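Asker: Mind having a look at this structure? Questions to follow.
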Amino acid sequence: MLKELHLQQVGPSDHFDVEFTDRLNIFTGDNGLGKSFLLDVAWWLLTTKWAEQPAFPQRRQEEEIIGESIPSQYGSRDIGGVVNPEGDLEAIIKKAPKIAGIISSQENIREYHSYFDFSEQQWRNFPMPPLLKEVVIYVRVDGGFSVYDAARKRDNAYNFNPDTLWNGLKSNGKVLCNGLIQDWVTWQNQPNKYPFQLFANVVKKLAPHPDESIEIGEPTRISVEDVRDIPTVNLSYGNVPVTQASAGMKRILGLAYLLVWAWYEHKKASELRQQKPTNQIVLLIDEIESHLHPRWQRVILPAILDVASELQSTMKVQALVTTHSPLVLASLEPNFNEEEDRLFLFQLENREVTLNEIPWSKQGDTVGWLTSETFGLKQARSQEAEIAIEAAEAWMRNSDMNELPENLRSHTQIHQELQRVLPGHDPFWPRWIVTSEKRNSGV
């Protein structure tokens with residue numbers, strides 16, 4: 001489990017310091033402030049691998065880079081562009097770009113640091129992190145997945161793009177994963193076997209609503225050029241081959257498959273190594289609502305957390321999840337535990353990015369969430385409606401109308417704009433009409 005994350009001179013801010021809880025950690029905030037970056041770094045801390053491109057330190061002014069070296073016993077010549085001629089490692093690394101963390105394994109809690117070696121253009125660890133026994137799954141926003149499992153591959157991770165996820169992953173002539181299509185059909189042809197039963201249950205749990213259940217159909221041939229039998233799902237409107245499913249459906253089926261595949265293969269590898277399977281999984285999920293209809297957004301995260309019990313009754317899950325969706329946060333209100341879960345907000349303040357934990361507070365509905373500190377909208381309406389209502393409220397307060405836009409400085413102008421941008425049943429109308437009648441009648 002990841003306990004803490006500390007960044008120096010890397011990412012959108014000079015310093016990031018995060019303390020994670022062992023269960024649910026939710027990150028939200030505007031685009032471009034570092035949510036996906038944080039998950040990339042968390043993956044690096046847990047696995048010492050980068051899912052895609054490594055993070056690079058912030059560019060510093062040329063005069064700040066001294067071009068000095070680190071003591072040779074540490075195997076690096078130029079970490080952070082700074083050096084202490086007397087070989088004082090502590091003084092060197094104090095100035096260097098740094099990714100640090102505290103990781104708890106099943107045996108101990110250990111801190112380690114990673115520093116950027118400019119001469120080698122790579123991150124180096126002092127000391128090396130502990131060998132995790134947890135399974136780590138990273139659900140990326142581009143449709144890719146990454147899986148780390150020390151029971152299977154101790155020195156590397158499995159990185160899937162959408163094609164290899166569905167059609168198989170190979171390396172150096174070895175089949176690392178058969179892929180969703182082949183594994184699904186293989187499991188289904190052995191219906192009394194563990195993987196298929198587990199997979200069917202997970203798919204069922206991830207369905208958006210009992211009225212929109214996802215049932216596994218019979219495999220079918222769909223092309224004269226592709227000899228494979230393709231899995232299908234039975235939806236309310238008919239049977240659909242999974243290769244022709246919607247983007248949202250594919251994301252859910254891919255997630256269900258990866259969870260089952262990673263756990264099933266972990267158990268198999270543990271048997272071969274004659275060791276007990278882990279009872280801990282770390283999930284990193286970027287933009288969990290991606291491609292999903294609102295009906296699905298409000299159930300997906302509780303469903304994913306619940307799926308862990310399908311894998312193993314004693315399973316512990318640590319989740320780091322990013323989201324832009326007020327429905328995702330609203331879905332957590334019945335189950336959010338302030339002692340076990342945390343909500344974090346990325347913000348841009350005075351041209352500086354900050355990351356802070358914010359107190360959990362139920363907002364009741366999506367309007368409440370949209371206008372809360374978490375999302376920061378003044379009105380849960382269009383931008384034009386927000387401007388018109390602010391002008392109307394200024395008029396009702398007898399404020400200085402000269403500070404408003406030129407087309408919204410009189411009662412007539414404001415009323416016309418409200419008629420243009422608000423529906424007739426908008427709850428703002430009664431207050432506006434009553435106030436207007438009082439003002440116009442001189443009351």
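Chain labels follow the order of the structure tokens: the first chain is A, the next B, and so on; residue numbering restarts at 1 in every chain, and ligands are counted from 1 in their shown order.
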Write out as JSON, numbers by chain all residues of stretch 73-259 of chain A that backbone DSSP assigns to strand (DSSP E or B).

Answerer: {"A": [79, 98, 99, 100, 101, 102, 103, 104, 109, 110, 111, 112, 113, 114, 115, 116, 117, 122, 123, 124, 125, 126, 135, 136, 137, 138, 139, 145, 146, 147, 148, 149, 158, 159, 160, 169, 170, 171, 174, 175, 176, 177, 215, 216, 220, 230, 232, 233, 234, 235, 238, 239, 240, 241]}

Asker: Got a sec: who's within 8 Å of stretch 261-268 of chain A, counting only C-alpha atoms, leaving out chain neighbours fewer than 2 positions off, as number ranges by chain?

Answerer: A: 135, 147, 149, 151-152, 195, 257-259, 270-272, 277, 311

Asker: Using N, CA and C atoms, can you write the selected residues to a file as an mmCIF file, in the first residue's frame?

Answerer:
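Written output follows (selection_28.cif):
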```cif
data_model
loop_
_atom_site.group_PDB
_atom_site.id
_atom_site.type_symbol
_atom_site.label_atom_id
_atom_site.label_comp_id
_atom_site.auth_asym_id
_atom_site.auth_seq_id
_atom_site.Cartn_x
_atom_site.Cartn_y
_atom_site.Cartn_z
ATOM 1 N N VAL A 135 -0.914 -6.986 -5.721
ATOM 2 C CA VAL A 135 -1.152 -6.825 -7.149
ATOM 3 C C VAL A 135 -1.548 -5.368 -7.377
ATOM 4 N N VAL A 147 -0.413 -3.798 -15.266
ATOM 5 C CA VAL A 147 -0.540 -4.725 -14.144
ATOM 6 C C VAL A 147 0.847 -5.088 -13.642
ATOM 7 N N ASP A 149 2.632 -7.670 -10.845
ATOM 8 C CA ASP A 149 2.398 -8.818 -9.971
ATOM 9 C C ASP A 149 3.731 -9.503 -9.736
ATOM 10 N N ALA A 151 4.419 -12.015 -8.055
ATOM 11 C CA ALA A 151 4.342 -13.472 -8.118
ATOM 12 C C ALA A 151 4.548 -13.974 -9.541
ATOM 13 N N ARG A 152 4.293 -13.136 -10.532
ATOM 14 C CA ARG A 152 4.457 -13.535 -11.929
ATOM 15 C C ARG A 152 5.749 -12.998 -12.524
ATOM 16 N N PRO A 195 -12.639 -19.425 -13.206
ATOM 17 C CA PRO A 195 -12.513 -18.122 -13.855
ATOM 18 C C PRO A 195 -13.804 -17.615 -14.472
ATOM 19 N N TYR A 257 -12.465 -7.908 -17.158
ATOM 20 C CA TYR A 257 -11.522 -8.947 -17.589
ATOM 21 C C TYR A 257 -10.175 -8.790 -16.890
ATOM 22 N N LEU A 258 -9.634 -7.554 -16.852
ATOM 23 C CA LEU A 258 -8.322 -7.350 -16.239
ATOM 24 C C LEU A 258 -8.314 -7.723 -14.770
ATOM 25 N N LEU A 259 -9.387 -7.358 -14.058
ATOM 26 C CA LEU A 259 -9.458 -7.710 -12.644
ATOM 27 C C LEU A 259 -9.430 -9.224 -12.452
ATOM 28 N N SER A 270 1.205 -18.039 -7.735
ATOM 29 C CA SER A 270 1.476 -18.307 -6.320
ATOM 30 C C SER A 270 1.534 -19.808 -6.054
ATOM 31 N N GLU A 271 0.658 -20.567 -6.723
ATOM 32 C CA GLU A 271 0.696 -22.019 -6.578
ATOM 33 C C GLU A 271 2.023 -22.586 -7.067
ATOM 34 N N LEU A 272 2.496 -22.106 -8.216
ATOM 35 C CA LEU A 272 3.756 -22.594 -8.759
ATOM 36 C C LEU A 272 4.934 -22.222 -7.867
ATOM 37 N N PRO A 277 -1.356 -16.617 -1.905
ATOM 38 C CA PRO A 277 -1.718 -15.424 -2.678
ATOM 39 C C PRO A 277 -1.836 -14.210 -1.760
ATOM 40 N N LEU A 311 -13.391 -11.456 -5.650
ATOM 41 C CA LEU A 311 -12.085 -12.080 -5.854
ATOM 42 C C LEU A 311 -11.684 -12.912 -4.648
#
```

Asker: Between atom CA of A:Glu287 and atom CA of A:Ile252, what is the distance in Å, rounded to a tenth?

Answerer: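 We find that atom CA of A:Glu287 and atom CA of A:Ile252 lie 13.0 Å from each other.
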
Asker: Report as a PyMOL selection string all protein, DNA and RNA residues lying within 9 Å of A:Leu301, evaluated on only C-alpha atoms, omitting residues in the same chain fewer than 2 positions from it.

Answerer: chain A and resi 288-289+297-299+303-306+321+328+331-332

Asker: Store the residues of this selection in a file with C-alpha atoms, as a compact mmCIF listing (two decimals), in the first residue's frame.

Answerer:
```
# COMPACT_ATOMS: atom_id res chain seq x y z
CA ILE A 288 -13.22 6.61 -13.80
CA GLU A 289 -16.25 8.13 -15.55
CA GLN A 297 -21.21 7.04 -13.40
CA ARG A 298 -23.26 6.98 -10.22
CA VAL A 299 -22.70 3.27 -9.58
CA ALA A 303 -19.36 -1.47 -7.75
CA ILE A 304 -15.60 -1.70 -8.31
CA LEU A 305 -14.93 -1.63 -4.57
CA ASP A 306 -17.57 -4.30 -4.07
CA VAL A 321 -9.10 7.45 -8.34
CA VAL A 328 -19.12 9.81 -9.00
CA SER A 331 -22.42 7.99 -5.45
CA LEU A 332 -20.03 7.79 -2.51
```

Asker: Using only C-alpha atoms for the distances, tell me which of A:Asn279, A:Ser36, A:Asn189, A:Asn337 is nearest to A:Met315.

Answerer: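 Result for the nearest residue to A:Met315: A:Asn279.
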